[in-house]
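Trainee: To be precise about what I am sending: the file is called query27.txt and holds compact mmCIF, N, CA and C atoms.
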# COMPACT_ATOMS: atom_id res chain seq x y z
N MET A 1 171.65 151.96 25.93
CA MET A 1 172.62 152.24 26.96
C MET A 1 172.00 153.02 28.11
N LYS A 2 170.90 153.70 27.87
CA LYS A 2 170.30 154.53 28.92
C LYS A 2 169.84 153.71 30.11
N ASN A 3 169.22 152.55 29.87
CA ASN A 3 168.72 151.72 30.96
C ASN A 3 169.79 150.85 31.59
N THR A 4 170.95 150.76 30.98
CA THR A 4 171.99 149.89 31.47
C THR A 4 172.64 150.42 32.74
N ASP A 5 172.89 151.69 32.82
CA ASP A 5 173.60 152.29 33.95
C ASP A 5 172.72 153.34 34.61
N LYS A 6 171.71 152.88 35.32
CA LYS A 6 170.74 153.80 35.92
C LYS A 6 171.33 154.66 37.03
N ARG A 7 172.35 154.14 37.72
CA ARG A 7 172.95 154.89 38.83
C ARG A 7 174.21 155.66 38.43
N ASN A 8 174.52 155.69 37.14
CA ASN A 8 175.69 156.41 36.61
C ASN A 8 177.00 156.00 37.26
N ARG A 9 177.14 154.74 37.57
CA ARG A 9 178.37 154.26 38.18
C ARG A 9 179.51 154.14 37.17
N LEU A 10 179.17 154.00 35.89
CA LEU A 10 180.21 153.86 34.87
C LEU A 10 180.86 155.20 34.53
N ASN A 11 180.25 156.29 34.93
CA ASN A 11 180.84 157.61 34.68
C ASN A 11 182.04 157.88 35.58
N ASP A 12 182.24 157.08 36.62
CA ASP A 12 183.36 157.28 37.54
C ASP A 12 184.70 156.85 36.95
N ARG A 13 184.67 156.12 35.83
CA ARG A 13 185.89 155.63 35.19
C ARG A 13 186.73 154.80 36.16
N THR A 14 186.10 153.81 36.77
CA THR A 14 186.77 152.98 37.76
C THR A 14 187.63 151.89 37.14
N PHE A 15 187.35 151.51 35.90
CA PHE A 15 188.11 150.46 35.24
C PHE A 15 189.15 151.06 34.31
N HIS A 16 190.30 150.39 34.26
CA HIS A 16 191.37 150.76 33.34
C HIS A 16 191.97 149.47 32.80
N TYR A 17 192.63 149.55 31.66
CA TYR A 17 193.30 148.37 31.13
C TYR A 17 194.64 148.76 30.53
N ARG A 18 195.55 147.79 30.53
CA ARG A 18 196.86 147.96 29.92
C ARG A 18 197.13 146.75 29.04
N VAL A 19 197.88 146.95 27.98
CA VAL A 19 198.26 145.86 27.09
C VAL A 19 199.77 145.73 27.14
N THR A 20 200.27 144.53 27.41
CA THR A 20 201.70 144.29 27.48
C THR A 20 202.26 144.01 26.09
N LYS A 21 203.58 143.85 26.01
CA LYS A 21 204.24 143.54 24.74
C LYS A 21 203.74 142.21 24.16
N ASN A 22 203.41 141.28 25.04
CA ASN A 22 202.97 139.95 24.61
C ASN A 22 201.48 139.89 24.33
N ASN A 23 200.83 141.03 24.19
CA ASN A 23 199.39 141.13 23.97
C ASN A 23 198.57 140.51 25.08
N ILE A 24 199.03 140.67 26.29
CA ILE A 24 198.28 140.27 27.47
C ILE A 24 197.59 141.53 28.00
N VAL A 25 196.30 141.41 28.30
CA VAL A 25 195.52 142.56 28.77
C VAL A 25 195.38 142.46 30.29
N LEU A 26 195.77 143.52 30.97
CA LEU A 26 195.63 143.61 32.42
C LEU A 26 194.51 144.60 32.71
N ILE A 27 193.46 144.12 33.38
CA ILE A 27 192.33 144.99 33.71
C ILE A 27 192.41 145.36 35.18
N GLU A 28 192.25 146.66 35.44
CA GLU A 28 192.35 147.18 36.80
C GLU A 28 191.03 147.80 37.23
N TYR A 29 190.75 147.71 38.52
CA TYR A 29 189.57 148.32 39.13
C TYR A 29 190.07 149.15 40.29
N TYR A 30 189.87 150.46 40.23
CA TYR A 30 190.44 151.40 41.20
C TYR A 30 191.95 151.17 41.34
N ARG A 31 192.62 151.03 40.20
CA ARG A 31 194.08 150.89 40.09
C ARG A 31 194.64 149.62 40.72
N LYS A 32 193.77 148.64 41.01
CA LYS A 32 194.23 147.33 41.49
C LYS A 32 193.94 146.32 40.40
N GLN A 33 194.96 145.54 40.05
CA GLN A 33 194.79 144.55 38.99
C GLN A 33 193.83 143.46 39.46
N ILE A 34 192.79 143.22 38.65
CA ILE A 34 191.80 142.22 39.05
C ILE A 34 191.65 141.10 38.03
N MET A 35 192.16 141.29 36.81
CA MET A 35 191.98 140.25 35.80
C MET A 35 193.07 140.33 34.75
N ILE A 36 193.44 139.15 34.24
CA ILE A 36 194.41 139.04 33.16
C ILE A 36 193.75 138.28 32.02
N LEU A 37 193.82 138.83 30.82
CA LEU A 37 193.26 138.17 29.64
C LEU A 37 194.40 137.83 28.68
N LYS A 38 194.40 136.59 28.18
CA LYS A 38 195.42 136.14 27.25
C LYS A 38 194.77 135.51 26.03
N GLY A 39 195.51 135.40 24.96
CA GLY A 39 195.06 134.68 23.78
C GLY A 39 193.81 135.25 23.15
N ASN A 40 192.87 134.33 22.84
CA ASN A 40 191.63 134.73 22.17
C ASN A 40 190.78 135.66 23.02
N ASP A 41 190.79 135.47 24.33
CA ASP A 41 190.02 136.36 25.21
C ASP A 41 190.53 137.79 25.11
N ALA A 42 191.85 137.94 25.06
CA ALA A 42 192.44 139.28 24.94
C ALA A 42 192.10 139.89 23.58
N LYS A 43 192.14 139.09 22.52
CA LYS A 43 191.81 139.59 21.18
C LYS A 43 190.37 140.06 21.11
N LYS A 44 189.45 139.26 21.66
CA LYS A 44 188.03 139.64 21.65
C LYS A 44 187.80 140.92 22.45
N PHE A 45 188.46 141.00 23.60
CA PHE A 45 188.32 142.18 24.45
C PHE A 45 188.81 143.43 23.71
N LEU A 46 190.00 143.36 23.11
CA LEU A 46 190.56 144.52 22.41
C LEU A 46 189.72 144.91 21.20
N TYR A 47 189.14 143.93 20.53
CA TYR A 47 188.25 144.24 19.40
C TYR A 47 187.04 145.03 19.89
N LYS A 48 186.44 144.58 20.99
CA LYS A 48 185.26 145.28 21.53
C LYS A 48 185.63 146.68 22.00
N ILE A 49 186.76 146.81 22.69
CA ILE A 49 187.20 148.11 23.20
C ILE A 49 187.49 149.08 22.05
N ASN A 50 188.15 148.59 21.02
CA ASN A 50 188.50 149.46 19.89
C ASN A 50 187.29 149.89 19.07
N HIS A 51 186.19 149.16 19.17
CA HIS A 51 184.98 149.51 18.43
C HIS A 51 183.92 150.17 19.32
N ALA A 52 184.28 150.48 20.56
CA ALA A 52 183.35 151.18 21.46
C ALA A 52 183.23 152.63 21.03
N HIS A 53 182.05 153.20 21.21
CA HIS A 53 181.79 154.57 20.75
C HIS A 53 182.26 155.64 21.72
N ASN A 54 182.29 155.32 23.02
CA ASN A 54 182.69 156.33 24.00
C ASN A 54 183.27 155.65 25.24
N ASP A 55 183.73 156.45 26.19
CA ASP A 55 184.36 155.91 27.40
C ASP A 55 183.38 155.13 28.27
N THR A 56 182.14 155.56 28.31
CA THR A 56 181.15 154.85 29.12
C THR A 56 180.92 153.44 28.58
N GLU A 57 180.92 153.30 27.28
CA GLU A 57 180.76 151.99 26.67
C GLU A 57 181.97 151.11 26.97
N LYS A 58 183.16 151.70 26.98
CA LYS A 58 184.37 150.95 27.34
C LYS A 58 184.30 150.48 28.79
N GLN A 59 183.81 151.35 29.68
CA GLN A 59 183.66 150.98 31.09
C GLN A 59 182.68 149.81 31.22
N LEU A 60 181.61 149.83 30.46
CA LEU A 60 180.61 148.76 30.50
C LEU A 60 181.22 147.44 30.02
N ILE A 61 182.01 147.48 28.97
CA ILE A 61 182.66 146.28 28.46
C ILE A 61 183.58 145.69 29.53
N MET A 62 184.38 146.53 30.18
CA MET A 62 185.29 146.03 31.22
C MET A 62 184.52 145.50 32.42
N ALA A 63 183.42 146.15 32.77
CA ALA A 63 182.61 145.68 33.90
C ALA A 63 182.01 144.31 33.60
N LYS A 64 181.55 144.11 32.38
CA LYS A 64 180.96 142.82 32.01
C LYS A 64 182.02 141.72 31.96
N VAL A 65 183.20 142.03 31.43
CA VAL A 65 184.26 141.03 31.33
C VAL A 65 184.72 140.58 32.72
N THR A 66 184.81 141.51 33.64
CA THR A 66 185.30 141.18 34.98
C THR A 66 184.23 140.59 35.87
N GLY A 67 182.96 140.73 35.50
CA GLY A 67 181.89 140.21 36.34
C GLY A 67 181.43 141.20 37.38
N ASN A 68 181.90 142.45 37.31
CA ASN A 68 181.51 143.47 38.27
C ASN A 68 180.35 144.32 37.77
N PHE A 69 179.51 143.74 36.94
CA PHE A 69 178.41 144.53 36.39
C PHE A 69 177.12 144.31 37.16
N LYS A 70 176.71 143.07 37.28
CA LYS A 70 175.48 142.77 38.01
C LYS A 70 175.79 141.75 39.10
N ARG A 71 175.11 141.84 40.17
CA ARG A 71 175.34 140.97 41.31
C ARG A 71 174.15 140.03 41.51
N GLY A 72 174.40 138.99 42.26
CA GLY A 72 173.31 138.10 42.66
C GLY A 72 172.74 137.31 41.50
N ASN A 73 171.43 137.17 41.49
CA ASN A 73 170.78 136.35 40.47
C ASN A 73 170.27 137.17 39.29
N GLU A 74 170.75 138.38 39.11
CA GLU A 74 170.35 139.19 37.97
C GLU A 74 170.96 138.60 36.70
N ARG A 75 170.23 138.63 35.62
CA ARG A 75 170.70 138.06 34.36
C ARG A 75 170.68 139.12 33.27
N ASN A 76 171.34 138.77 32.16
CA ASN A 76 171.46 139.62 30.97
C ASN A 76 172.46 140.66 31.23
Using the file provided, produce a representation of the structure as structure tokens.

Mentor:
Amino acid sequence: MKNTDKRNRLNDRTFHYRVTKNNIVLIEYYRKQIMILKGNDAKKFLYKINHAHNDTEKQLIMAKVTGNFKRGNERN
């Protein structure tokens, strides 16, 4: 995890998520809704979030799911 967030951007806690009654996951970035996960995608996301060790790891999971983690032609 040390090399993943070299600029400490995940410490800002910019991502948040909410779960509705219907098990739909709403992911927010700076309190603006940017993604909706339903069905198996929502189940996989919640499994990963519930097994994360700390808040920074949760932020990384949300960043990767939304595509706001790496830009351009960067891979992995």

Trainee: For atom CA of His53 of chain A and atom CA of Gly39 of chain A, quote the distance in Å rounded to one decimal.

Mentor: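 Computed distance, atom CA of His53 of chain A to atom CA of Gly39 of chain A, equals 24.1 Å.
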
Trainee: Select from segment 31-75 of chain A everything DSSP, run on the backbone, classes as strand (DSSP E), then give the selection as a PyMOL selection string.

Mentor: chain A and resi 32-37

Trainee: Those same residues, written as a tab-separated table (two decimals), keeping the file's coordinate frame with N, CA and C atoms?

Mentor:
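File out-v5.tsv, as written:
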chain	number	residue	atom	x	y	z
A	32	LYS	N	193.77	148.64	41.01
A	32	LYS	CA	194.23	147.33	41.49
A	32	LYS	C	193.94	146.32	40.40
A	33	GLN	N	194.96	145.54	40.05
A	33	GLN	CA	194.79	144.55	38.99
A	33	GLN	C	193.83	143.46	39.46
A	34	ILE	N	192.79	143.22	38.65
A	34	ILE	CA	191.80	142.22	39.05
A	34	ILE	C	191.65	141.10	38.03
A	35	MET	N	192.16	141.29	36.81
A	35	MET	CA	191.98	140.25	35.80
A	35	MET	C	193.07	140.33	34.75
A	36	ILE	N	193.44	139.15	34.24
A	36	ILE	CA	194.41	139.04	33.16
A	36	ILE	C	193.75	138.28	32.02
A	37	LEU	N	193.82	138.83	30.82
A	37	LEU	CA	193.26	138.17	29.64
A	37	LEU	C	194.40	137.83	28.68

Trainee: For Val25 of chain A, find every residue with an atom within 6 Å (counting all atoms listed in the file), except residues of its own chain fewer than 2 positions away, and show them as a PyMOL selection string.

Mentor: chain A and resi 18-20+23+27+35-38+42

Trainee: As a PDB file with N, CA and C atoms, in the frame of the given file, list the residues of segment 13-48 of chain A assigned to helix (DSSP H, G or I) by DSSP on the backbone atoms of this structure.

Mentor:
ATOM      1  N   GLY A  39     195.510 135.400  24.960  1.00  0.00           N
ATOM      2  CA  GLY A  39     195.060 134.680  23.780  1.00  0.00           C
ATOM      3  C   GLY A  39     193.810 135.250  23.150  1.00  0.00           C
ATOM      4  N   ASN A  40     192.870 134.330  22.840  1.00  0.00           N
ATOM      5  CA  ASN A  40     191.630 134.730  22.170  1.00  0.00           C
ATOM      6  C   ASN A  40     190.780 135.660  23.020  1.00  0.00           C
ATOM      7  N   ASP A  41     190.790 135.470  24.330  1.00  0.00           N
ATOM      8  CA  ASP A  41     190.020 136.360  25.210  1.00  0.00           C
ATOM      9  C   ASP A  41     190.530 137.790  25.110  1.00  0.00           C
ATOM     10  N   ALA A  42     191.850 137.940  25.060  1.00  0.00           N
ATOM     11  CA  ALA A  42     192.440 139.280  24.940  1.00  0.00           C
ATOM     12  C   ALA A  42     192.100 139.890  23.580  1.00  0.00           C
ATOM     13  N   LYS A  43     192.140 139.090  22.520  1.00  0.00           N
ATOM     14  CA  LYS A  43     191.810 139.590  21.180  1.00  0.00           C
ATOM     15  C   LYS A  43     190.370 140.060  21.110  1.00  0.00           C
ATOM     16  N   LYS A  44     189.450 139.260  21.660  1.00  0.00           N
ATOM     17  CA  LYS A  44     188.030 139.640  21.650  1.00  0.00           C
ATOM     18  C   LYS A  44     187.800 140.920  22.450  1.00  0.00           C
ATOM     19  N   PHE A  45     188.460 141.000  23.600  1.00  0.00           N
ATOM     20  CA  PHE A  45     188.320 142.180  24.450  1.00  0.00           C
ATOM     21  C   PHE A  45     188.810 143.430  23.710  1.00  0.00           C
ATOM     22  N   LEU A  46     190.000 143.360  23.110  1.00  0.00           N
ATOM     23  CA  LEU A  46     190.560 144.520  22.410  1.00  0.00           C
ATOM     24  C   LEU A  46     189.720 144.910  21.200  1.00  0.00           C
ATOM     25  N   TYR A  47     189.140 143.930  20.530  1.00  0.00           N
ATOM     26  CA  TYR A  47     188.250 144.240  19.400  1.00  0.00           C
ATOM     27  C   TYR A  47     187.040 145.030  19.890  1.00  0.00           C
ATOM     28  N   LYS A  48     186.440 144.580  20.990  1.00  0.00           N
ATOM     29  CA  LYS A  48     185.260 145.280  21.530  1.00  0.00           C
ATOM     30  C   LYS A  48     185.630 146.680  22.000  1.00  0.00           C
TER      31      LYS A  48
END

Trainee: Take atom CA of Gln59 of chain A and atom N of Ile24 of chain A and report the distance between them in Å, one decimal.

Mentor: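 Calculated distance between atom CA of Gln59 of chain A and atom N of Ile24 of chain A is 19.1 Å.
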
Trainee: Could you jot down the atom CA of Val65 of chain A to atom CA of Phe45 of chain A separation for me, Å, one decimal place?

Mentor: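 Distance reported for this atom pair: 8.1 Å.
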